[in-house]
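Chemist: What follows is a single structure, and I will ask about it in a moment.
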Amino acid sequence: MRNMFTQVTVCVRTQRSCGSRSLPRGPRALCTAAAGAVAGEKLGGRKGVRKRAVDGRVRSFEEIPHTGKSGWVNLVKFWREDRFVQLHKHMERTFNGLGPIYREHVGTQSSVNIILPSDIAEVFRSEGLHPERMTLQPWATHRETRRLSKGVFLKNGEEWRADRLLLNKEVMMSAAVKRFLPLLDEVARDFCRMLRARVDRDGGGEEGRRGLTIDPSPDLFRFALEASCHVIYGERIGLFSSSPSLESQKFIWAVERMLATTPPLLYLPHRLLLRIGAPLWTQHATAWDHIFSHADARIQRGYQRLSSPPDRGSEAGSQFNGVLGQLMEKGQLSLDLIKANITELMAGGVDTTAVPLQFALFELGRNPEVQERVRQQVRASWAQAGGDPQKALQGAPLLKGTIKEILRLYPVGITVQRRTIKDIVLQNYHVPAGTLVQVCLYPLGRSTEVFQDPQRFEPERWCSKGPAADGSSFRSLAFGFGARQCVGRRIAENEMQLLLMHILLSFHLSVPCTDDISTTYTLILQPKTPPRITFSAL
């Protein structure tokens with residue numbers, strides 16, 4: 001999925017007035033979290049917690065604070081208290097109560113959860129050549145029962161590394177970004193033209209200054225799917241027409257159903273559910289079947305297109321045939337592996353960009369001063385770029401800062417996981433090899449131990465430069481870190497930035513309600529109710 005993983009150097013800005021509205025406050029100071037804590041490493045000018053035994057020894061794994069030893073009792077509590085859909089809030093409350101590290105055992109899953117950048121840095125330093133994260137067993141079981149190949153998201157070890165290095169060349173390297181950026185820009189421009197036509201037709205107000213208040217989420221999902229198909233398959237599918245295809249709408253539904261059914265299956269014996277034909281498993285498998293069917297049809301069309309002789313007058317190699325075409329032409333991956341990885345990219349490329357864009361439009365709409373600062377920078381950069389989208393993005397760092405700030409407050413995936421390959425020490429506790437360690441992104445992004453004034457929406461905090469020391473760079477982790485960062489990261493980042501750029505050039509954003517958004521978790525974090533946005537033509 002478009003998960004996430006690189007070091008980001010950050011120097012938090014001093015607080016200043018910028019007209020931003022307040023967001024819910026993050027975890028209270030972790031220094032007061034547990035008895036026996038002593039001051040430890042410096043974090044952004046504040047002190048974190050490092051628990052030590054009286055004799056200074058490293059404490060045992062069993063001494064790590066925990067939420068209850070019985071996984072099945074905890075699972076019942078999760079069901080009864082509906083914690084699955086509020087898992088991010090549960091993590092935030094637990095860090096508040098137990099401190100910066102705790103153990104949790106729910107059903108069949110056990111993990112050590114952490115929040116502080118210095119601890120994240122320690123996990124990163126020890127991850128080795130073949131980083132391993134939690135396997136989403138329901139997904140893996142689907143591939144195994146359907147006799148389908150697995151993509152890099154579900155692989156580990158040398159097999160993962162070999163496939164990942166080949167994929168990186170087509171989706172992560174600067175040459176690859178240069179190839180697909182014009183395709184994303186084309187879709188973003190078309191989206192804004194479609195929206196402008198709707199505002200002119202249905203909006204109220206004076207001619208030339210019409211405004212229209214809508215829930216943009218259905219349009220953003222169509223944009224994300226259209227953009228993903230253009231980059232991955234090298235073709236447009238016409239989702240901005242007045243009557244989008246039923247096939248594409250079914251694909252979006254299947255992705256949403258797959259995401260919603262995954263979290264509970266993570267904690268249950270899914271193979272037992274498979275054997276007894278439980279409805280939850282059936283819904284999950286059916287959703288994946290439809291996702292693979294959609295991808296298979298597109299891949300077959302792509303194969304036929306590549307096999308056809310080039311159009312008369314077109315230069316060989318002058319046309320970018322999408323990531324699919326690049327992989328097929330090079331022939332370094334088997335067709336089954338291409339299908340597996342392309343399907344994973346598509347399944348992870350819709351909700352994971354459409355949902356953050358909802359949050360971005362909302363925060364820009366309720367913070368007009370921030371919106372105007374970003375717009376002014378975008379205008380100046382666009383005027384100097386001469387229509388080159390790459391130059392335009394490079395000249396507007398506040399766009400990237402806006403995306404990072406949105407993903408700090410509303411991380412798509414709420415954890416980044418690693419399975420330790422050797423014994424390590426976190427918060428002076430011994431963590432043995434083979435332990436699943438989870439970085440909890442939602443409480444991390446709202447912690448006063450990590451960010452100054454975390455409730456403030458301030459894209460500029462990511463544009464400051466300063467020395468990163470003692471793990472302080474591990475603060476922006478929405479796309480993960482290291483070799484296992486999200487394979488679709490470059491597509492997602494540029495897709496979101498380009499759409500925001502063209503929207504800010506074309507519209508002023510406002511919101512009819514500035515109350516904080518209530519969020520829910522269905523493998524990704526999303527609004528309980530999509531926010532309504534007013535688009536006013538500029």
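Please note that chains go A, B, ... in the order of the structure tokens, that every chain numbers its residues from 1, and that ligands are numbered from 1 in the order shown.
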Would you list the contacts of A:Glu170 as an MDAnalysis selection string, taking every protein, DNA or RNA residue within 8 Å and counting only C-alpha atoms, but skipping same-chain residues closer than 3 positions in sequence?
Modeler: chainID A and resid 166:167 173 176 323 326:327
Chemist: In stretch 289-512 of chain A, what's alpha helix (DSSP H) per DSSP? Answer as a PyMOL selection string?
Modeler: chain A and resi 289-307+322-330+335-347+351-366+368-385+389-394+397-409+441-445+489-506
Chemist: Which residues, written as JSON, numbers by chain, have at least one atom at most 10 Å from A:Leu195, with only C-alpha atoms counted and residues fewer than 3 positions away on the same chain left out?
Modeler: {"A": [189, 190, 191, 192, 198, 199, 200, 201, 212, 216, 219, 240, 503, 506, 507, 535, 537]}
Chemist: Just checking: using only C-alpha atoms, which residue out of A:Leu75, A:Trp253, A:Pro117, A:Lys89 ends up closest to A:Val450?
Modeler: A:Pro117
Chemist: Can you pull out the residues contacting A:Gly128? Cut-off 10 Å, using only C-alpha atoms, and skip same-chain residues under 6 positions away; I want them as a list of chain:residue names.
Modeler: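 Here the answer would be A:Thr420, A:Ile421, A:Lys422, A:Ala483.
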Chemist: Can I get the selection written as a PDB file, in the first residue's frame, with C-alpha atoms?
Modeler:
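Final output, result.pdb:
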ATOM      1  CA  THR A 420      12.791  -7.263  15.198  1.00  0.00           C
ATOM      2  CA  ILE A 421      15.552  -9.477  13.803  1.00  0.00           C
ATOM      3  CA  LYS A 422      17.707  -9.170  16.934  1.00  0.00           C
ATOM      4  CA  ALA A 483      13.794   0.110   2.396  1.00  0.00           C
TER       5      ALA A 483
END
Chemist: Can you write out as a tab-separated table which residues of stretch 421-507 of chain A fall within 12 Å of stretch 378-386 of chain A, alongside each residue's closest atom pair and its distance in Å to one decimal, counting only C-alpha atoms and ordering rows by chain and ascending residue number?
Modeler:
residue	atom	partner	partner_atom	distance
A:Gln497	CA	A:Val378	CA	10.5
A:Leu498	CA	A:Val378	CA	10.4
A:Leu499	CA	A:Val378	CA	11.8
A:Leu500	CA	A:Val378	CA	9.6
A:Met501	CA	A:Val378	CA	6.5
A:His502	CA	A:Val378	CA	8.9
A:Ile503	CA	A:Val378	CA	10.5
A:Leu504	CA	A:Val378	CA	7.8
A:Leu505	CA	A:Arg379	CA	6.7
A:Ser506	CA	A:Arg379	CA	10.3
Chemist: Could the residues in this selection be written to a file with all heavy atoms, as a PDB file, in the first residue's frame?
Modeler:
ATOM      1  N   GLN A 497      -0.219  16.514  -4.350  1.00  0.00           N
ATOM      2  CA  GLN A 497       0.290  17.880  -4.491  1.00  0.00           C
ATOM      3  C   GLN A 497      -0.212  18.546  -5.762  1.00  0.00           C
ATOM      4  O   GLN A 497      -0.585  19.732  -5.756  1.00  0.00           O
ATOM      5  CB  GLN A 497       1.822  17.856  -4.489  1.00  0.00           C
ATOM      6  CG  GLN A 497       2.443  17.536  -3.143  1.00  0.00           C
ATOM      7  CD  GLN A 497       3.954  17.537  -3.206  1.00  0.00           C
ATOM      8  OE1 GLN A 497       4.581  18.556  -3.525  1.00  0.00           O
ATOM      9  NE2 GLN A 497       4.563  16.397  -2.940  1.00  0.00           N
ATOM     10  N   LEU A 498      -0.224  17.816  -6.864  1.00  0.00           N
ATOM     11  CA  LEU A 498      -0.670  18.406  -8.130  1.00  0.00           C
ATOM     12  C   LEU A 498      -2.148  18.780  -8.084  1.00  0.00           C
ATOM     13  O   LEU A 498      -2.537  19.841  -8.589  1.00  0.00           O
ATOM     14  CB  LEU A 498      -0.403  17.440  -9.283  1.00  0.00           C
ATOM     15  CG  LEU A 498       1.051  17.351  -9.743  1.00  0.00           C
ATOM     16  CD1 LEU A 498       1.259  16.151 -10.654  1.00  0.00           C
ATOM     17  CD2 LEU A 498       1.473  18.639 -10.447  1.00  0.00           C
ATOM     18  N   LEU A 499      -2.972  17.920  -7.480  1.00  0.00           N
ATOM     19  CA  LEU A 499      -4.390  18.280  -7.406  1.00  0.00           C
ATOM     20  C   LEU A 499      -4.586  19.509  -6.534  1.00  0.00           C
ATOM     21  O   LEU A 499      -5.335  20.433  -6.908  1.00  0.00           O
ATOM     22  CB  LEU A 499      -5.220  17.111  -6.866  1.00  0.00           C
ATOM     23  CG  LEU A 499      -6.725  17.404  -6.873  1.00  0.00           C
ATOM     24  CD1 LEU A 499      -7.242  17.570  -8.295  1.00  0.00           C
ATOM     25  CD2 LEU A 499      -7.509  16.324  -6.148  1.00  0.00           C
ATOM     26  N   LEU A 500      -3.929  19.566  -5.373  1.00  0.00           N
ATOM     27  CA  LEU A 500      -4.061  20.755  -4.519  1.00  0.00           C
ATOM     28  C   LEU A 500      -3.562  21.996  -5.235  1.00  0.00           C
ATOM     29  O   LEU A 500      -4.155  23.077  -5.108  1.00  0.00           O
ATOM     30  CB  LEU A 500      -3.298  20.554  -3.217  1.00  0.00           C
ATOM     31  CG  LEU A 500      -3.890  19.582  -2.204  1.00  0.00           C
ATOM     32  CD1 LEU A 500      -3.055  19.570  -0.922  1.00  0.00           C
ATOM     33  CD2 LEU A 500      -5.343  19.942  -1.862  1.00  0.00           C
ATOM     34  N   MET A 501      -2.476  21.865  -5.999  1.00  0.00           N
ATOM     35  CA  MET A 501      -1.940  23.017  -6.730  1.00  0.00           C
ATOM     36  C   MET A 501      -2.984  23.586  -7.693  1.00  0.00           C
ATOM     37  O   MET A 501      -3.261  24.794  -7.689  1.00  0.00           O
ATOM     38  CB  MET A 501      -0.683  22.614  -7.498  1.00  0.00           C
ATOM     39  CG  MET A 501      -0.076  23.743  -8.317  1.00  0.00           C
ATOM     40  SD  MET A 501       1.444  23.253  -9.205  1.00  0.00           S
ATOM     41  CE  MET A 501       0.726  22.271 -10.532  1.00  0.00           C
ATOM     42  N   HIS A 502      -3.591  22.722  -8.494  1.00  0.00           N
ATOM     43  CA  HIS A 502      -4.548  23.213  -9.484  1.00  0.00           C
ATOM     44  C   HIS A 502      -5.845  23.690  -8.825  1.00  0.00           C
ATOM     45  O   HIS A 502      -6.481  24.636  -9.322  1.00  0.00           O
ATOM     46  CB  HIS A 502      -4.825  22.132 -10.520  1.00  0.00           C
ATOM     47  CG  HIS A 502      -3.682  21.926 -11.467  1.00  0.00           C
ATOM     48  ND1 HIS A 502      -3.254  22.897 -12.339  1.00  0.00           N
ATOM     49  CD2 HIS A 502      -2.844  20.860 -11.660  1.00  0.00           C
ATOM     50  CE1 HIS A 502      -2.229  22.452 -13.033  1.00  0.00           C
ATOM     51  NE2 HIS A 502      -1.954  21.221 -12.643  1.00  0.00           N
ATOM     52  N   ILE A 503      -6.252  23.076  -7.722  1.00  0.00           N
ATOM     53  CA  ILE A 503      -7.435  23.556  -7.007  1.00  0.00           C
ATOM     54  C   ILE A 503      -7.182  24.946  -6.443  1.00  0.00           C
ATOM     55  O   ILE A 503      -8.029  25.854  -6.568  1.00  0.00           O
ATOM     56  CB  ILE A 503      -7.827  22.573  -5.888  1.00  0.00           C
ATOM     57  CG1 ILE A 503      -8.488  21.330  -6.490  1.00  0.00           C
ATOM     58  CG2 ILE A 503      -8.767  23.235  -4.880  1.00  0.00           C
ATOM     59  CD1 ILE A 503      -8.851  20.263  -5.468  1.00  0.00           C
ATOM     60  N   LEU A 504      -6.008  25.171  -5.840  1.00  0.00           N
ATOM     61  CA  LEU A 504      -5.708  26.484  -5.264  1.00  0.00           C
ATOM     62  C   LEU A 504      -5.549  27.554  -6.330  1.00  0.00           C
ATOM     63  O   LEU A 504      -5.810  28.732  -6.071  1.00  0.00           O
ATOM     64  CB  LEU A 504      -4.446  26.397  -4.405  1.00  0.00           C
ATOM     65  CG  LEU A 504      -4.599  25.613  -3.100  1.00  0.00           C
ATOM     66  CD1 LEU A 504      -3.245  25.426  -2.431  1.00  0.00           C
ATOM     67  CD2 LEU A 504      -5.573  26.305  -2.152  1.00  0.00           C
ATOM     68  N   LEU A 505      -5.119  27.175  -7.523  1.00  0.00           N
ATOM     69  CA  LEU A 505      -5.040  28.142  -8.622  1.00  0.00           C
ATOM     70  C   LEU A 505      -6.412  28.513  -9.165  1.00  0.00           C
ATOM     71  O   LEU A 505      -6.587  29.579  -9.755  1.00  0.00           O
ATOM     72  CB  LEU A 505      -4.191  27.566  -9.763  1.00  0.00           C
ATOM     73  CG  LEU A 505      -2.683  27.456  -9.516  1.00  0.00           C
ATOM     74  CD1 LEU A 505      -2.023  26.663 -10.636  1.00  0.00           C
ATOM     75  CD2 LEU A 505      -2.048  28.838  -9.383  1.00  0.00           C
ATOM     76  N   SER A 506      -7.397  27.632  -8.944  1.00  0.00           N
ATOM     77  CA  SER A 506      -8.713  27.824  -9.564  1.00  0.00           C
ATOM     78  C   SER A 506      -9.816  28.234  -8.586  1.00  0.00           C
ATOM     79  O   SER A 506     -10.807  28.841  -9.007  1.00  0.00           O
ATOM     80  CB  SER A 506      -9.150  26.524 -10.261  1.00  0.00           C
ATOM     81  OG  SER A 506      -8.200  26.111 -11.215  1.00  0.00           O
TER      82      SER A 506
END
Chemist: Which is closer to A:Ile115 than all the others in A:Ala297, A:Met134, A:Leu266, A:Ile414, using only C-alpha atoms?
Modeler: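 Looking at the shortest contact to A:Ile115, the residue is A:Ile414.
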Chemist: Taking into account only C-alpha atoms, which residue in the set A:Leu165, A:Met496, A:Leu136, A:Ile237 is nearest to A:His270?
Modeler: A:Leu136
